[in-house]
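Enquirer: What follows is a structure written as structure tokens; I'll ask about it next.
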Amino acid sequence: MAKRTDILIGLQWGDEGKGKVVDVLSSHYDIVVRYQGGANAGHTVKIDGEETILHLIPAGILHEGVVCVIGNGVAFDPDVFFSEVEYLEQKGIDTNNRIFISDRSHLVLPYHIAIDKAREKFLSKSIGTTARGIGPLYTDKYRRNGIRVIDIYSSDFESKIEKEIDFHNKILKNIYDSKPLDKKEIMSFIFEIKNRLKKYVKDTVQYLQEASSADKYILLEGAQGVMLDIDFGTYPFVTSSSPTTGGALSGSGLPWHTINEVIGITKSYTTRVGGGPFPSRMPKEEENIIRQRGGEYGATTGRPRNCGYLDLVALKYAVQITGTTLLVITKMDILSGMEKIPVVTEYDIQGNRTKSFPSDTDILNKIKIITTDLKGWQEDISKIRNAYELPKEAQEYISFIENYVGVKVAYISVSPERDGFIEI
Ligand code: IMP
């Protein structure tokens with residue numbers, strides 16, 4: 001198998017602009033694969049002023065001829081999927097024979113969503129989930145009572161699903177003091193989608209293996225980001241899947257030796273939505289300015305995102321874990337007009353300075369950040385299309401990041417439009 005598969009990963013707490021990058025790069029690929037997460041993602045793409053937000057279907061769908069795969073690692077929500085197919089068709093995008101869903105992916109069912117919402121109310125410190133059923137879905141997967149797409153076509157499915165609905169209703173009623181769900185409604189929902197889904201279902205592991213052997217170019221599209229990873233993120237304020245390189249392999253079925261580049265995406269600053277530690281958060285006044293300029297509101301939930309300085313300690317940690325080989329910096333234009341741009345270069349933990357990212361959430365909450373002020377630039381850079389036209393200070397900002405994390409910046413983005421993407 002030739003090394004023709006690249007992995008694209010968010011290096012922060014999600015919302016790095018992965019949708020835009022996937023869209024721009026998709027013309028180089030035959031197949032784009034989502035490998036983890038589910039409809040908690042919100043990948044936004046802007047083409048000629050028109051915005052498209054996708055939660056489940058890979059952003060590669062916006063490029064004619066690209067085949068999109070929803071991999072085995074994905075939390076597959078059929079309701080969101082069919083709404084998204086309809087939304088794309090209404091925009092004139094042909095989805096016929098261009099989307100395959102792994103028969104091994106697990107189905108998000110109404111009880112996952114109900115438990116997600118009920119649990120958030122129940123917790124003393126809520127996670128601030130997207131309420132898309134993600135945590136309960138992966139809990140079922142690892143408890144080994146999940147329902148995979150392939151299962152709905154098996155002969156004993158009816159008795160299996162009945163048992164699962166009863167089990168989840170007990171959790172809702174007895175643990176979360178919530179209303180149980182109507183069994184008949186869920187059963188008829190599944191029977192309704194069963195036939196509609198059939199044409200999309202495939203053994204995508206075999207399909208991707210064959211495609212890779214036939215030297216196809218494949219992009220594995222991550223959702224969320226390293227700092228939300230179940231193992232490496234700010235646990236327990238994380239999502240329930242692995243957005244990292246390991247997750248890309250286990251969520252697609254492609255082996256490591258097919259991987260060419262690991263493309264890591266970071267914003268030129270940092271944002272976080274939901275609960276949990278956020279060491280580099282800016283003072284309110286600066287945060288409001290960046291939030292407004294950057295349009296920092298959740299694509300899935302509409303929640304305002306908290307904004308912070310670029311945290312190079314966290315970024316280097318994410319680069320190391322993922323084995324990032326190329327870096328992409330998005331939203332460079334948002335920083336225009338700042339006199340100086342602080343970036344986090346060290347943490348102070350109770351008087352001890354460190355460049356390592358701590359695993360203890362309590363420590364993360366108590367960290368004092370140590371920043372280095374870089375010179376800002378005043379020019380609007382959103383119309384620039386060549387790296388050499390960038391202000392000197394913007395070029396220095398890029399070099400500082402490269403030197404700190406030890407990886408080359410391959411591209412930056414300076415506008416939400418497709419052409420606002422500059423090769424460095
Ligand atoms: P869940 O993935 O819905 O369970 O949410 C767990 C945490 O991950 C919450 O803090 C969410 O705000 C965050 N999260 C999940 N998906 C995204 C995303 O696509 N972008 C940013 N944050 C996300």
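Chain labels A, B, ... are given in the sequence in which chains occur in the structure tokens; within each chain residues are numbered consecutively from 1, and ligands are likewise numbered from 1 in the order shown.
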Can you tell me which residues surround Asn260 (chain A) at a distance of at most 6 Å, considering only C-alpha atoms, apart from same-chain residues fewer than 5 positions away, and format the answer as JSON, numbers by chain?

Expert: {"A": [3, 4, 5, 6]}

Enquirer: Residues of the last selection are to be written out with N, CA, C and O atoms, as a PDB file, in the first residue's frame.

Expert:
```
ATOM      1  N   LYS A   3       1.829   5.202   0.609  1.00  0.00           N
ATOM      2  CA  LYS A   3       1.512   6.155   1.692  1.00  0.00           C
ATOM      3  C   LYS A   3       0.726   7.305   1.085  1.00  0.00           C
ATOM      4  O   LYS A   3       1.303   8.346   0.753  1.00  0.00           O
ATOM      5  N   ARG A   4      -0.564   7.114   0.916  1.00  0.00           N
ATOM      6  CA  ARG A   4      -1.347   8.181   0.290  1.00  0.00           C
ATOM      7  C   ARG A   4      -2.500   8.635   1.166  1.00  0.00           C
ATOM      8  O   ARG A   4      -3.473   9.207   0.685  1.00  0.00           O
ATOM      9  N   THR A   5      -2.399   8.332   2.460  1.00  0.00           N
ATOM     10  CA  THR A   5      -3.450   8.762   3.383  1.00  0.00           C
ATOM     11  C   THR A   5      -2.893   9.832   4.311  1.00  0.00           C
ATOM     12  O   THR A   5      -1.813   9.653   4.884  1.00  0.00           O
ATOM     13  N   ASP A   6      -3.617  10.924   4.436  1.00  0.00           N
ATOM     14  CA  ASP A   6      -3.241  11.975   5.389  1.00  0.00           C
ATOM     15  C   ASP A   6      -4.308  12.043   6.481  1.00  0.00           C
ATOM     16  O   ASP A   6      -5.475  11.700   6.248  1.00  0.00           O
TER      17      ASP A   6
END
```

Enquirer: Region 194-234 of chain A: which residues are strand (DSSP E) by DSSP, as an MDAnalysis selection string?

Expert: chainID A and resid 201:202 218:221

Enquirer: Can you list, as a ChimeraX atom specification, every protein, DNA or RNA residue that comes within 8 Å of Lys183 (chain A) when you count only C-alpha atoms, leaving out same-chain residues fewer than 3 positions away?

Expert: /A:162,165-166,186-187

Enquirer: If we count only C-alpha atoms, what is near Gly10 (chain A) at a cut-off of 7 Å, once residues fewer than 4 positions away on the same chain are taken out, given as a list in words?

Expert: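 My reading of the contact set: Gly14, Glu16, Lys18, Gly222, Ala223, Gln224, Gly225, Val226, Gly264, Ile265 and Thr266 of chain A.
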
Enquirer: From the DSSP assignment of the backbone, select every residue of region 136-350 of chain A that is helix (DSSP H, G or I), and format the answer as a ChimeraX atom specification.

Expert: /A:136-143,149-153,157-175,183-198,204-213,226-228,245-250,256-258,284-294,312-322,332-335

Enquirer: Can you work out the spacing between CA of Gly133 (chain A) and CA of Lys121 (chain A) in Å, to one decimal?

Expert: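 Value for the CA of Gly133 (chain A)-CA of Lys121 (chain A) distance: 13.9 Å.
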
Enquirer: Return as number ranges by chain every polymer residue, whether protein, DNA or RNA, with at least one atom no more than 7 Å from an atom of ligand 1; count only C-alpha atoms and all ligand atoms.

Expert: A: 13-15, 40-42, 127-135, 223-224, 228, 237-240, 272-275

Enquirer: Print the selection's residues with N, CA, C and O atoms to a file, as an mmCIF file, in the first residue's frame.

Expert:
```
data_model
loop_
_atom_site.group_PDB
_atom_site.id
_atom_site.type_symbol
_atom_site.label_atom_id
_atom_site.label_comp_id
_atom_site.auth_asym_id
_atom_site.auth_seq_id
_atom_site.Cartn_x
_atom_site.Cartn_y
_atom_site.Cartn_z
ATOM 1 N N TRP A 13 -9.144 22.786 21.481
ATOM 2 C CA TRP A 13 -10.385 22.255 22.057
ATOM 3 C C TRP A 13 -11.502 22.244 21.010
ATOM 4 O O TRP A 13 -12.643 22.587 21.302
ATOM 5 N N GLY A 14 -11.180 21.877 19.773
ATOM 6 C CA GLY A 14 -12.166 21.892 18.698
ATOM 7 C C GLY A 14 -12.320 23.298 18.131
ATOM 8 O O GLY A 14 -11.673 24.250 18.590
ATOM 9 N N ASP A 15 -13.138 23.399 17.076
ATOM 10 C CA ASP A 15 -13.449 24.693 16.446
ATOM 11 C C ASP A 15 -12.216 25.392 15.881
ATOM 12 O O ASP A 15 -12.141 26.621 15.868
ATOM 13 N N ASN A 40 -21.866 16.009 17.331
ATOM 14 C CA ASN A 40 -21.380 17.072 18.227
ATOM 15 C C ASN A 40 -20.477 18.044 17.463
ATOM 16 O O ASN A 40 -20.268 19.174 17.884
ATOM 17 N N ALA A 41 -19.927 17.598 16.331
ATOM 18 C CA ALA A 41 -19.053 18.450 15.523
ATOM 19 C C ALA A 41 -19.886 19.445 14.723
ATOM 20 O O ALA A 41 -21.064 19.213 14.468
ATOM 21 N N GLY A 42 -19.257 20.534 14.344
ATOM 22 C CA GLY A 42 -19.920 21.504 13.477
ATOM 23 C C GLY A 42 -18.869 22.076 12.553
ATOM 24 O O GLY A 42 -18.130 22.961 12.930
ATOM 25 N N ILE A 127 -20.401 18.887 32.330
ATOM 26 C CA ILE A 127 -19.339 18.874 31.313
ATOM 27 C C ILE A 127 -19.605 19.991 30.295
ATOM 28 O O ILE A 127 -18.704 20.521 29.678
ATOM 29 N N GLY A 128 -20.899 20.313 30.126
ATOM 30 C CA GLY A 128 -21.270 21.275 29.084
ATOM 31 C C GLY A 128 -21.268 20.601 27.724
ATOM 32 O O GLY A 128 -20.746 21.137 26.748
ATOM 33 N N THR A 129 -21.860 19.397 27.668
ATOM 34 C CA THR A 129 -21.836 18.646 26.397
ATOM 35 C C THR A 129 -22.723 19.322 25.353
ATOM 36 O O THR A 129 -23.469 20.248 25.670
ATOM 37 N N THR A 130 -22.636 18.807 24.138
ATOM 38 C CA THR A 130 -23.452 19.351 23.050
ATOM 39 C C THR A 130 -24.856 18.728 23.040
ATOM 40 O O THR A 130 -25.655 19.044 22.166
ATOM 41 N N ALA A 131 -25.135 17.835 23.968
ATOM 42 C CA ALA A 131 -26.443 17.159 24.090
ATOM 43 C C ALA A 131 -26.784 16.323 22.858
ATOM 44 O O ALA A 131 -27.955 16.170 22.505
ATOM 45 N N ARG A 132 -25.751 15.783 22.190
ATOM 46 C CA ARG A 132 -25.998 14.959 20.991
ATOM 47 C C ARG A 132 -25.896 13.462 21.300
ATOM 48 O O ARG A 132 -25.803 12.644 20.390
ATOM 49 N N GLY A 133 -25.843 13.126 22.575
ATOM 50 C CA GLY A 133 -25.858 11.705 22.947
ATOM 51 C C GLY A 133 -24.510 11.015 22.858
ATOM 52 O O GLY A 133 -24.405 9.779 22.928
ATOM 53 N N ILE A 134 -23.441 11.792 22.712
ATOM 54 C CA ILE A 134 -22.122 11.219 22.418
ATOM 55 C C ILE A 134 -21.579 10.365 23.579
ATOM 56 O O ILE A 134 -21.165 9.222 23.372
ATOM 57 N N GLY A 135 -21.579 10.924 24.793
ATOM 58 C CA GLY A 135 -21.056 10.180 25.956
ATOM 59 C C GLY A 135 -21.811 8.867 26.152
ATOM 60 O O GLY A 135 -21.198 7.781 26.212
ATOM 61 N N ALA A 223 -12.698 15.191 14.145
ATOM 62 C CA ALA A 223 -13.618 16.175 14.729
ATOM 63 C C ALA A 223 -13.101 16.508 16.135
ATOM 64 O O ALA A 223 -12.211 15.829 16.651
ATOM 65 N N GLN A 224 -13.657 17.573 16.741
ATOM 66 C CA GLN A 224 -13.178 18.048 18.050
ATOM 67 C C GLN A 224 -11.651 18.306 17.996
ATOM 68 O O GLN A 224 -11.174 18.717 16.960
ATOM 69 N N LEU A 228 -9.616 17.723 23.760
ATOM 70 C CA LEU A 228 -10.896 17.111 24.158
ATOM 71 C C LEU A 228 -10.818 15.590 24.071
ATOM 72 O O LEU A 228 -11.822 14.890 24.247
ATOM 73 N N PHE A 237 -13.401 16.854 31.468
ATOM 74 C CA PHE A 237 -14.062 17.832 30.594
ATOM 75 C C PHE A 237 -13.590 17.612 29.160
ATOM 76 O O PHE A 237 -12.864 18.433 28.591
ATOM 77 N N VAL A 238 -13.973 16.503 28.622
ATOM 78 C CA VAL A 238 -13.520 16.060 27.300
ATOM 79 C C VAL A 238 -14.716 15.440 26.564
ATOM 80 O O VAL A 238 -15.784 15.277 27.149
ATOM 81 N N THR A 239 -14.495 15.075 25.322
ATOM 82 C CA THR A 239 -15.518 14.296 24.628
ATOM 83 C C THR A 239 -15.205 12.817 24.878
ATOM 84 O O THR A 239 -14.253 12.495 25.596
ATOM 85 N N SER A 240 -15.981 11.907 24.302
ATOM 86 C CA SER A 240 -15.802 10.493 24.662
ATOM 87 C C SER A 240 -15.097 9.681 23.584
ATOM 88 O O SER A 240 -15.170 8.462 23.587
ATOM 89 N N ARG A 272 -12.501 27.824 23.654
ATOM 90 C CA ARG A 272 -13.019 26.633 24.318
ATOM 91 C C ARG A 272 -14.494 26.870 24.603
ATOM 92 O O ARG A 272 -14.882 27.968 25.015
ATOM 93 N N VAL A 273 -15.304 25.830 24.398
ATOM 94 C CA VAL A 273 -16.725 25.919 24.722
ATOM 95 C C VAL A 273 -17.082 24.741 25.618
ATOM 96 O O VAL A 273 -16.510 23.666 25.478
ATOM 97 N N GLY A 274 -17.977 24.971 26.578
ATOM 98 C CA GLY A 274 -18.291 23.913 27.548
ATOM 99 C C GLY A 274 -17.444 24.115 28.796
ATOM 100 O O GLY A 274 -16.647 25.069 28.875
ATOM 101 N N GLY A 275 -17.587 23.188 29.774
ATOM 102 C CA GLY A 275 -16.879 23.347 31.043
ATOM 103 C C GLY A 275 -15.416 22.930 30.952
ATOM 104 O O GLY A 275 -14.957 22.483 29.904
#
```

Enquirer: May I have the residues within 6 Å of Lys267 (chain A) as a list of chain:residue names, using only C-alpha atoms and disregarding those fewer than 6 positions away in the same chain?

Expert: A:Glu16, A:Ile329, A:Thr330, A:Lys331

Enquirer: Could you check which of A:Gly351, A:Gly298, A:Gly73, A:Gly406 is closest to Leu312 (chain A), using only C-alpha atoms?

Expert: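 For Leu312 (chain A), the nearest of the candidates is A:Gly406.
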
Enquirer: Could you give me, as a short mmCIF file (atom, residue, chain, number, x, y, z; two decimals) with N, CA and C atoms, in the first residue's frame, the residues within 10 Å of Pro283 (chain A), counting only C-alpha atoms and dropping anything in the same chain fewer than 3 positions from it?

Expert:
```cif
data_model
loop_
_atom_site.label_atom_id
_atom_site.label_comp_id
_atom_site.auth_asym_id
_atom_site.auth_seq_id
_atom_site.Cartn_x
_atom_site.Cartn_y
_atom_site.Cartn_z
N SER A 280 -5.30 29.61 29.21
CA SER A 280 -4.88 30.84 28.53
C SER A 280 -6.04 31.81 28.25
N GLU A 286 -10.75 41.88 26.26
CA GLU A 286 -10.09 41.36 25.05
C GLU A 286 -10.90 40.21 24.46
N GLU A 287 -11.43 39.39 25.36
CA GLU A 287 -12.20 38.23 24.91
C GLU A 287 -13.42 38.65 24.07
N ASN A 288 -14.10 39.69 24.54
CA ASN A 288 -15.28 40.16 23.80
C ASN A 288 -14.91 40.61 22.39
N CYS A 307 -12.60 32.75 24.82
CA CYS A 307 -11.43 32.97 23.96
C CYS A 307 -10.17 33.20 24.80
N GLY A 308 -9.04 32.77 24.28
CA GLY A 308 -7.78 32.92 25.01
C GLY A 308 -6.61 33.14 24.05
N TYR A 309 -5.45 33.42 24.64
CA TYR A 309 -4.23 33.57 23.84
C TYR A 309 -3.83 32.21 23.29
#
```
